[in-house]
Structure formats: C-alpha cells, structure tokens
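S.K.: Hey, dropping start-v1.cif in here, mmCIF, C-alpha atoms:
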```cif
data_coords
#
loop_
_atom_site.label_atom_id
_atom_site.label_comp_id
_atom_site.auth_asym_id
_atom_site.auth_seq_id
_atom_site.Cartn_x
_atom_site.Cartn_y
_atom_site.Cartn_z
CA MET E 1 41.12 -59.51 -13.29
CA ALA E 2 39.17 -62.16 -15.22
CA GLY E 3 37.03 -60.83 -18.00
CA GLU E 4 38.70 -57.41 -18.19
CA LYS E 5 39.70 -57.88 -21.82
CA ASP E 6 36.15 -58.94 -22.65
CA LYS E 7 34.77 -55.86 -20.92
CA PHE E 8 36.99 -53.58 -23.00
CA GLN E 9 36.03 -55.36 -26.20
CA ASN E 10 32.35 -55.01 -25.29
CA VAL E 11 32.63 -51.21 -25.09
CA VAL E 12 33.50 -51.23 -28.79
CA LYS E 13 30.40 -52.82 -30.26
CA ASP E 14 31.58 -52.89 -33.86
CA ILE E 15 33.53 -51.10 -36.57
CA LYS E 16 32.03 -50.86 -40.05
CA ARG E 17 33.42 -49.40 -43.23
CA HIS E 18 31.28 -47.75 -45.91
CA GLY E 19 33.59 -46.61 -48.71
CA ASP E 20 35.77 -43.87 -47.22
CA THR E 21 33.75 -43.69 -44.00
CA VAL E 22 34.39 -45.66 -40.82
CA ILE E 23 31.59 -46.10 -38.28
CA LEU E 24 32.67 -46.95 -34.74
CA SER E 25 29.76 -48.07 -32.56
CA LEU E 26 30.26 -47.87 -28.80
CA THR E 27 28.14 -49.34 -26.05
CA GLY E 28 27.83 -49.40 -22.27
CA GLU E 29 29.61 -47.09 -19.85
CA ILE E 30 32.76 -45.27 -20.91
CA ASP E 31 34.82 -44.29 -17.91
CA MET E 32 38.45 -43.92 -16.92
CA HIS E 33 38.70 -47.71 -16.84
CA CYS E 34 37.95 -48.31 -20.51
CA SER E 35 38.43 -44.94 -22.25
CA VAL E 36 42.05 -45.89 -22.96
CA HIS E 37 40.79 -48.80 -25.02
CA VAL E 38 38.35 -46.57 -26.92
CA ARG E 39 41.21 -44.14 -27.58
CA GLY E 40 43.35 -46.95 -28.99
CA GLU E 41 40.61 -48.08 -31.36
CA LEU E 42 39.91 -44.51 -32.48
CA LEU E 43 43.56 -43.69 -33.11
CA GLU E 44 43.91 -46.83 -35.24
CA ILE E 45 40.89 -45.77 -37.28
CA ILE E 46 42.15 -42.19 -37.68
CA GLN E 47 45.55 -43.44 -38.82
CA GLU E 48 43.78 -45.10 -41.77
CA LYS E 49 42.86 -41.53 -42.77
CA PRO E 50 39.22 -42.13 -43.76
CA ALA E 51 37.38 -39.08 -45.12
CA MET E 52 34.82 -39.37 -42.33
CA VAL E 53 34.69 -41.04 -38.92
CA ILE E 54 31.27 -41.56 -37.34
CA ILE E 55 31.07 -42.51 -33.69
CA ASP E 56 27.69 -44.06 -32.91
CA MET E 57 26.92 -43.57 -29.22
CA ASN E 58 23.29 -44.68 -29.20
CA GLU E 59 24.09 -47.42 -26.71
CA VAL E 60 26.44 -45.38 -24.49
CA GLU E 61 24.57 -44.89 -21.21
CA PHE E 62 27.30 -43.06 -19.35
CA MET E 63 30.50 -41.27 -20.21
CA ASP E 64 32.85 -39.29 -18.00
CA SER E 65 35.38 -36.61 -18.93
CA SER E 66 38.02 -39.22 -19.79
CA GLY E 67 35.74 -40.34 -22.63
CA LEU E 68 35.11 -36.75 -23.59
CA ALA E 69 38.88 -36.16 -23.71
CA VAL E 70 39.23 -39.06 -26.15
CA LEU E 71 36.58 -37.53 -28.42
CA VAL E 72 38.19 -34.07 -28.30
CA GLU E 73 41.56 -35.55 -29.22
CA ALA E 74 39.99 -37.53 -32.08
CA LEU E 75 38.22 -34.41 -33.34
CA GLN E 76 41.44 -32.41 -33.31
CA LEU E 77 43.34 -35.15 -35.16
CA THR E 78 40.71 -35.50 -37.89
CA ARG E 79 40.37 -31.74 -38.35
CA ARG E 80 44.13 -31.38 -38.63
CA ASP E 81 43.95 -33.59 -41.73
CA ASN E 82 40.85 -31.80 -43.07
CA ARG E 83 38.73 -34.85 -42.35
CA VAL E 84 35.38 -35.08 -40.62
CA LEU E 85 34.31 -36.61 -37.32
CA LYS E 86 30.63 -36.91 -36.44
CA LEU E 87 28.83 -38.14 -33.33
CA VAL E 88 25.54 -40.00 -33.45
CA GLY E 89 22.83 -40.64 -30.84
CA LEU E 90 23.94 -38.94 -27.64
CA HIS E 91 21.98 -40.06 -24.59
CA PRO E 92 20.60 -37.01 -22.70
CA ARG E 93 22.94 -37.58 -19.76
CA VAL E 94 25.92 -37.80 -22.11
CA ARG E 95 24.77 -34.71 -23.98
CA SER E 96 24.49 -32.85 -20.67
CA MET E 97 28.19 -33.33 -20.10
CA PHE E 98 28.96 -31.88 -23.54
CA GLU E 99 26.79 -28.88 -22.64
CA ILE E 100 28.38 -28.38 -19.21
CA SER E 101 31.79 -28.48 -20.86
CA ARG E 102 30.56 -26.16 -23.63
CA LEU E 103 31.70 -28.67 -26.23
CA ASP E 104 28.27 -29.39 -27.73
CA ASN E 105 28.81 -26.79 -30.44
CA LEU E 106 32.29 -28.06 -31.22
CA PHE E 107 31.08 -31.43 -32.51
CA GLN E 108 28.73 -32.31 -35.35
CA ILE E 109 26.03 -34.30 -33.55
CA TYR E 110 23.31 -36.29 -35.35
CA ASN E 111 20.36 -38.41 -34.28
CA SER E 112 21.07 -41.39 -36.55
CA GLN E 113 23.78 -42.94 -38.70
CA ALA E 114 21.64 -42.30 -41.80
CA GLU E 115 21.44 -38.60 -40.94
CA ALA E 116 25.20 -38.43 -40.38
CA LEU E 117 25.90 -40.21 -43.67
CA SER E 118 23.55 -38.10 -45.80
CA MET O 1 36.16 -57.82 -3.61
CA ASN O 2 38.15 -54.74 -2.63
CA SER O 3 35.22 -52.56 -1.70
CA GLN O 4 32.85 -52.61 1.24
CA CYS O 5 29.62 -50.85 2.00
CA LYS O 6 27.99 -50.23 5.38
CA ILE O 7 24.74 -48.48 6.11
CA ALA O 8 23.82 -46.56 9.29
CA SER O 9 20.51 -44.72 9.33
CA ASN O 10 20.81 -41.90 6.79
CA GLN O 11 24.47 -42.39 6.06
CA VAL O 12 26.33 -44.69 3.72
CA GLU O 13 30.07 -45.19 3.64
CA LEU O 14 31.93 -46.80 0.78
CA ARG O 15 35.60 -47.63 0.86
CA MET O 16 37.32 -48.56 -2.37
CA ASN O 17 40.81 -48.95 -3.71
CA ALA O 18 42.01 -46.14 -5.98
CA SER O 19 41.47 -48.25 -9.05
CA PRO O 20 39.29 -47.35 -12.05
CA GLN O 21 37.80 -50.84 -12.11
CA PHE O 22 35.75 -49.92 -9.01
CA LEU O 23 34.35 -46.67 -10.41
CA CYS O 24 31.28 -48.52 -11.66
CA ILE O 25 30.51 -49.62 -8.09
CA ALA O 26 30.87 -46.06 -6.82
CA ARG O 27 28.54 -44.85 -9.59
CA GLN O 28 25.89 -47.38 -8.64
CA ALA O 29 26.09 -46.43 -4.95
CA THR O 30 25.88 -42.73 -5.78
CA ASN O 31 22.99 -43.25 -8.16
CA ARG O 32 20.95 -45.22 -5.60
CA MET O 33 21.69 -42.80 -2.76
CA ALA O 34 20.76 -39.81 -4.91
CA GLN O 35 17.49 -41.50 -5.79
CA MET O 36 16.78 -42.29 -2.13
CA VAL O 37 17.16 -38.67 -1.02
CA GLY O 38 14.67 -37.60 -3.70
CA LEU O 39 16.79 -35.86 -6.31
CA SER O 40 15.24 -35.50 -9.75
CA GLU O 41 16.19 -38.00 -12.43
CA LYS O 42 18.46 -35.45 -14.12
CA ASP O 43 20.11 -34.47 -10.83
CA VAL O 44 20.68 -38.15 -10.01
CA ASP O 45 22.56 -38.53 -13.29
CA MET O 46 24.51 -35.32 -12.81
CA VAL O 47 25.52 -36.04 -9.21
CA THR O 48 26.68 -39.48 -10.32
CA LEU O 49 28.84 -37.79 -12.94
CA ALA O 50 30.25 -35.31 -10.40
CA VAL O 51 31.24 -38.11 -8.03
CA GLU O 52 32.83 -40.03 -10.90
CA GLU O 53 34.91 -36.96 -11.78
CA ALA O 54 35.93 -36.47 -8.14
CA LEU O 55 37.09 -40.08 -7.85
CA ALA O 56 38.90 -39.98 -11.18
CA ASN O 57 40.74 -36.84 -10.02
CA VAL O 58 41.80 -38.59 -6.81
CA ILE O 59 43.12 -41.59 -8.73
CA GLN O 60 44.89 -39.46 -11.33
CA HIS O 61 46.18 -36.53 -9.30
CA SER O 62 46.19 -37.39 -5.58
CA TYR O 63 47.61 -40.86 -6.05
CA GLY O 64 49.33 -40.31 -9.41
CA GLY O 65 47.54 -43.25 -11.02
CA PRO O 66 45.70 -46.44 -10.11
CA CYS O 67 46.92 -48.07 -6.89
CA ASP O 68 45.71 -49.99 -3.84
CA GLU O 69 45.45 -46.90 -1.62
CA PRO O 70 42.01 -46.17 -0.19
CA ILE O 71 39.32 -43.72 -1.16
CA ILE O 72 36.54 -43.31 1.38
CA MET O 73 33.19 -41.92 0.28
CA GLN O 74 30.45 -40.88 2.66
CA PHE O 75 26.90 -40.06 1.63
CA ARG O 76 24.66 -38.24 4.09
CA GLN O 77 21.02 -37.38 3.72
CA ILE O 78 20.35 -34.14 5.59
CA ALA O 79 16.85 -32.81 6.27
CA SER O 80 15.98 -29.17 5.68
CA SER O 81 16.73 -26.95 8.64
CA HIS O 82 17.53 -23.32 9.47
CA GLY O 83 16.42 -22.17 6.05
CA ARG O 84 18.66 -24.63 4.23
CA PRO O 85 16.96 -27.13 1.92
CA ALA O 86 17.11 -30.88 2.29
CA ARG O 87 20.29 -32.08 0.68
CA LEU O 88 22.68 -34.87 -0.13
CA GLU O 89 26.16 -34.36 1.25
CA ILE O 90 28.96 -36.41 -0.27
CA THR O 91 32.54 -36.46 0.96
CA VAL O 92 35.45 -38.01 -0.89
CA ARG O 93 38.49 -38.62 1.32
CA ASP O 94 41.89 -39.68 0.05
CA PHE O 95 45.30 -40.15 1.63
CA GLY O 96 47.40 -39.00 -1.28
CA LYS O 97 49.21 -35.82 -2.23
CA GLN O 98 48.05 -32.62 -0.55
CA VAL O 99 47.38 -29.56 -2.66
CA ASP O 100 46.57 -26.01 -1.58
CA PRO O 101 42.75 -25.95 -1.97
CA THR O 102 42.91 -22.43 -3.42
CA CYS O 103 44.96 -23.83 -6.31
CA ILE O 104 42.23 -26.28 -7.36
CA LYS O 105 40.44 -24.40 -10.11
CA SER O 106 38.48 -25.01 -13.29
CA ARG O 107 40.46 -24.49 -16.45
CA ASP O 108 39.63 -22.03 -19.21
CA LEU O 109 36.98 -23.71 -21.37
CA ASP O 110 37.96 -21.61 -24.37
CA ASP O 111 41.21 -23.56 -24.41
CA ILE O 112 39.91 -26.56 -26.38
CA ARG O 113 42.04 -29.54 -25.48
CA PRO O 114 41.55 -33.06 -24.14
CA GLY O 115 41.24 -33.45 -20.37
CA GLY O 116 41.24 -31.21 -17.34
CA LEU O 117 37.47 -30.76 -17.18
CA GLY O 118 36.79 -32.66 -13.95
CA VAL O 119 36.79 -29.72 -11.53
CA HIS O 120 34.68 -27.62 -13.88
CA ILE O 121 32.10 -30.42 -14.17
CA ILE O 122 31.96 -30.93 -10.39
CA LYS O 123 31.51 -27.20 -9.76
CA SER O 124 28.86 -26.92 -12.46
CA ILE O 125 26.77 -29.75 -11.03
CA MET O 126 27.02 -29.44 -7.25
CA ASP O 127 25.51 -26.59 -5.20
CA GLU O 128 28.42 -26.43 -2.77
CA ILE O 129 31.92 -27.83 -2.93
CA GLU O 130 34.88 -27.43 -0.60
CA TYR O 131 38.34 -28.94 -0.73
CA SER O 132 40.41 -29.24 2.44
CA CYS O 133 43.76 -30.68 3.50
CA GLU O 134 43.32 -33.25 6.26
CA SER O 135 45.60 -33.37 9.30
CA GLY O 136 46.18 -37.11 8.85
CA GLY O 137 47.36 -36.54 5.27
CA GLY O 138 45.49 -36.43 2.02
CA MET O 139 42.53 -34.34 0.96
CA LYS O 140 38.82 -34.19 1.54
CA LEU O 141 36.28 -32.96 -0.97
CA GLN O 142 32.86 -32.12 0.44
CA MET O 143 30.05 -31.73 -2.08
CA VAL O 144 26.42 -30.82 -1.50
CA LYS O 145 23.40 -31.11 -3.78
CA TYR O 146 20.08 -29.59 -2.71
CA VAL O 147 16.86 -31.53 -3.11
CA ARG O 148 14.61 -29.21 -5.11
CA GLU O 149 10.85 -29.56 -4.63
#
```
Using structure tokens, write down the structure that the file contains.

M.R.:
Amino acid sequence: MAGEKDKFQNVVKDIKRHGDTVILSLTGEIDMHCSVHVRGELLEIIQEKPAMVIIDMNEVEFMDSSGLAVLVEALQLTRRDNRVLKLVGLHPRVRSMFEISRLDNLFQIYNSQAEALS
Amino acid sequence: MNSQCKIASNQVELRMNASPQFLCIARQATNRMAQMVGLSEKDVDMVTLAVEEALANVIQHSYGGPCDEPIIMQFRQIASSHGRPARLEITVRDFGKQVDPTCIKSRDLDDIRPGGLGVHIIKSIMDEIEYSCESGGGMKLQMVKYVRE
C-alpha cells in the first residue's frame, strides 16, 4: 500500500544520543500494524548497549498490547545487561493500559525527558 | 478500500479484512459509536482499546496472521430496560479457527513476559463478554459496556 513505509517512519519521530543515553521519541498510534517497526528500532538501539534508553511517548495517543509487548521485551533485554530503560510522558489512556496490565510499577515512568535524564 | 460501513437506526455494522492496516478504521468507528451512546471520555478510550485487542486476537489467533478473510463488527445501542442499564453491545465475528470458549482465559499477570494480554484487557474493560462458536464456522465475541449516569 502506498505510503506504508512513510507511516512506519512517522511513528518513530526521532532518535537522539546524549553521551551513553539514547532517546527514542515515538508519535501517533502504535498498534499491531506498526509495533513491529518500533520493535526493530528498539532492538537496534539496545544492541548498541547504551547505559540508558529513554522512550519518549509524549506524542503517543494510542497504544495497544502489541506496543506494550515491545516495551516489556525491551525492558527485559536492557535489565539483562544491567542497563536502564525509562519511559517518558505517558498519555492517560496509554497509562491506563499499563495499570490494567499491572505493568505500571514494572517500568520507570517520568513526566519529561529532563526528569528522566536527571 | 476494503472496508464498508452501513448504518441502520441504532446499529452500525463494519466489515473489514483481517489486516492490521484497517485497525485504525475500526478504532475510529468504535470511538465515535461509544461517544454517541453516551459513554464517558475514559470509557470511550477503554472500549476502543478493548475492541482493538479483540480484533488483534482474531487476526493473530483465529486467522493465524493478516489475511483477506473477513471480520464483521456490529455495534448496537440498547436502551435501559428490565433493570438493565443502557449499554453499547459490540460483536466481533470471524470465520477462522474455532476454539472451545472455556479455554479462552486471561494469563497469569505475575508471569512478566511480552504478549498475551489481550483477553485480560478485554475482560478488565467490558462489563460482559461472551465467546461462542458459530454454526457457520468461526467465532463470535459479544461484549457489553454499560452507560453509567
């Protein structure tokens, strides 16, 4: 379908590096259709073995359990290497899914990138 | 476009191919219908999530992955009657693999691992859910959300 690649690329807003920290900013709606792409980007980042991975979700308006599965896998991979993964800026409807799944206490969740970096 | 929408009084039917690219259309239809029946803003969001999870489960488990087979969704606005509150009834019908409804269960949440949360999320959000095997093949999931005053 025309524009599919663009749509996937648009879910990943940008990737920034600050020393040994990588910040992945996501945007839009993360569902079964594009979570595979997010997973691919995250696995590439994790393979670089940064000390900390921050996923900025301020602009994520919707996420289903396929997106949540990607985050759980990323968290497990980073913890296995004694590295840190933090989430930033969960929209209330996204946070609700974490709470329903009782995963809100599993992740380190911050309001802003500055707070996560400090 | 491989989806079509028709409206008859208080009922909406949406037919889509079992392909994740159409999930966004199903979400929009669910969101609008949930608003129209008067669900709260939070319930609108949650019901939309429940429907998303139901459709994703059909694509992944009933059909074994994305394909051109149909999924039929019906939304019905039902007024309060016989002591039951006004509600939104949503059915998701597929024509894929049949599973014993008693075997469709939430998984243990203490087992932290990626995936497998769809049924738990649906059950947590909706007030009533019922899976059934259909005589013409496939499954039907009926979900109900009450409109709370």

S.K.: Given a cut-off of 7 Å, which residues of chain E touch chain O, counting all atoms listed in the file, written out as an mmCIF file with C-alpha atoms, keeping the file's coordinate frame?

M.R.:
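File written: selection11.cif
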```
data_model
loop_
_atom_site.group_PDB
_atom_site.id
_atom_site.type_symbol
_atom_site.label_atom_id
_atom_site.label_comp_id
_atom_site.auth_asym_id
_atom_site.auth_seq_id
_atom_site.Cartn_x
_atom_site.Cartn_y
_atom_site.Cartn_z
ATOM 1 C CA MET E 32 38.450 -43.920 -16.920
ATOM 2 C CA HIS E 33 38.700 -47.710 -16.840
ATOM 3 C CA ASP E 64 32.850 -39.290 -18.000
ATOM 4 C CA SER E 65 35.380 -36.610 -18.930
ATOM 5 C CA SER E 66 38.020 -39.220 -19.790
ATOM 6 C CA ALA E 69 38.880 -36.160 -23.710
ATOM 7 C CA VAL E 70 39.230 -39.060 -26.150
ATOM 8 C CA VAL E 72 38.190 -34.070 -28.300
ATOM 9 C CA GLU E 73 41.560 -35.550 -29.220
ATOM 10 C CA ARG E 93 22.940 -37.580 -19.760
ATOM 11 C CA ILE E 100 28.380 -28.380 -19.210
ATOM 12 C CA SER E 101 31.790 -28.480 -20.860
#
```

S.K.: I would like the residues chosen by the PyMOL selection byres ((chain E and resi 11) around 10) on the shown file; could you give them as a list in words?

M.R.: Asp6, Lys7, Phe8, Gln9, Asn10, Val12, Lys13, Asp14, Ser25, Leu26, Thr27, Gly28, Glu29, Ile30, Cys34, Ser35, His37, Val38, Glu59 and Val60 of chain E

S.K.: Go ahead and dump the residues you just picked, C-alpha atoms, as a PDB file, in the coordinates of the input.

M.R.:
```
ATOM      1  CA  ASP E   6      36.150 -58.940 -22.650  1.00  0.00           C
ATOM      2  CA  LYS E   7      34.770 -55.860 -20.920  1.00  0.00           C
ATOM      3  CA  PHE E   8      36.990 -53.580 -23.000  1.00  0.00           C
ATOM      4  CA  GLN E   9      36.030 -55.360 -26.200  1.00  0.00           C
ATOM      5  CA  ASN E  10      32.350 -55.010 -25.290  1.00  0.00           C
ATOM      6  CA  VAL E  12      33.500 -51.230 -28.790  1.00  0.00           C
ATOM      7  CA  LYS E  13      30.400 -52.820 -30.260  1.00  0.00           C
ATOM      8  CA  ASP E  14      31.580 -52.890 -33.860  1.00  0.00           C
ATOM      9  CA  SER E  25      29.760 -48.070 -32.560  1.00  0.00           C
ATOM     10  CA  LEU E  26      30.260 -47.870 -28.800  1.00  0.00           C
ATOM     11  CA  THR E  27      28.140 -49.340 -26.050  1.00  0.00           C
ATOM     12  CA  GLY E  28      27.830 -49.400 -22.270  1.00  0.00           C
ATOM     13  CA  GLU E  29      29.610 -47.090 -19.850  1.00  0.00           C
ATOM     14  CA  ILE E  30      32.760 -45.270 -20.910  1.00  0.00           C
ATOM     15  CA  CYS E  34      37.950 -48.310 -20.510  1.00  0.00           C
ATOM     16  CA  SER E  35      38.430 -44.940 -22.250  1.00  0.00           C
ATOM     17  CA  HIS E  37      40.790 -48.800 -25.020  1.00  0.00           C
ATOM     18  CA  VAL E  38      38.350 -46.570 -26.920  1.00  0.00           C
ATOM     19  CA  GLU E  59      24.090 -47.420 -26.710  1.00  0.00           C
ATOM     20  CA  VAL E  60      26.440 -45.380 -24.490  1.00  0.00           C
TER      21      VAL E  60
END
```

S.K.: For the atom pair atom CA of E:Asp104 and atom CA of E:Leu87, what is the interatomic distance in Å to one decimal place?

M.R.: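 Atom CA of E:Leu87 lies 10.4 Å from atom CA of E:Asp104.
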
S.K.: Could you pull the residues within 10 Å of stretch 17-23 of chain E, counting all atoms listed in the file, minus those fewer than 3 positions along the same chain, as number ranges by chain?

M.R.: E: 14, 26, 45-46, 48-56, 84-88, 113, 117

S.K.: Given the selection you just returned, output its residues as a file containing C-alpha atoms, formatted as a PDB file, keeping the file's coordinate frame.

M.R.:
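Once everything was written out, this is again12.pdb:
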```pdb
ATOM      1  CA  ASP E  14      31.580 -52.890 -33.860  1.00  0.00           C
ATOM      2  CA  LEU E  26      30.260 -47.870 -28.800  1.00  0.00           C
ATOM      3  CA  ILE E  45      40.890 -45.770 -37.280  1.00  0.00           C
ATOM      4  CA  ILE E  46      42.150 -42.190 -37.680  1.00  0.00           C
ATOM      5  CA  GLU E  48      43.780 -45.100 -41.770  1.00  0.00           C
ATOM      6  CA  LYS E  49      42.860 -41.530 -42.770  1.00  0.00           C
ATOM      7  CA  PRO E  50      39.220 -42.130 -43.760  1.00  0.00           C
ATOM      8  CA  ALA E  51      37.380 -39.080 -45.120  1.00  0.00           C
ATOM      9  CA  MET E  52      34.820 -39.370 -42.330  1.00  0.00           C
ATOM     10  CA  VAL E  53      34.690 -41.040 -38.920  1.00  0.00           C
ATOM     11  CA  ILE E  54      31.270 -41.560 -37.340  1.00  0.00           C
ATOM     12  CA  ILE E  55      31.070 -42.510 -33.690  1.00  0.00           C
ATOM     13  CA  ASP E  56      27.690 -44.060 -32.910  1.00  0.00           C
ATOM     14  CA  VAL E  84      35.380 -35.080 -40.620  1.00  0.00           C
ATOM     15  CA  LEU E  85      34.310 -36.610 -37.320  1.00  0.00           C
ATOM     16  CA  LYS E  86      30.630 -36.910 -36.440  1.00  0.00           C
ATOM     17  CA  LEU E  87      28.830 -38.140 -33.330  1.00  0.00           C
ATOM     18  CA  VAL E  88      25.540 -40.000 -33.450  1.00  0.00           C
ATOM     19  CA  GLN E 113      23.780 -42.940 -38.700  1.00  0.00           C
ATOM     20  CA  LEU E 117      25.900 -40.210 -43.670  1.00  0.00           C
TER      21      LEU E 117
END
```

S.K.: Distance atom CA of E:Asp31-atom CA of O:Ile25, one decimal place?

M.R.: 12.0 Å

S.K.: Rounded to one decimal place, report the atom CA of O:Arg93-atom CA of E:Arg95 distance in Å.

M.R.: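 Atom-to-atom, atom CA of O:Arg93 to atom CA of E:Arg95, that is 29.0 Å.
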
S.K.: Which residue is closest to O:Val47? Choose from O:Ala26, O:Ala34, O:Val92, O:Ile104 and count all atoms listed in the file.

M.R.: O:Ala34

S.K.: When you count all atoms listed in the file, which of these residues is closest to O:Glu89: O:Asp127, O:Asp108, O:Glu149, O:Asp68?

M.R.: O:Asp127

S.K.: Which is closer to O:Tyr63 than all the others in O:Ile90, O:Ala29, O:Ala18, O:Val44, using all atoms listed in the file?

M.R.: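 Checking each of O:Ile90, O:Ala29, O:Ala18, O:Val44 against O:Tyr63, counting all atoms listed in the file, the winner is O:Ala18.
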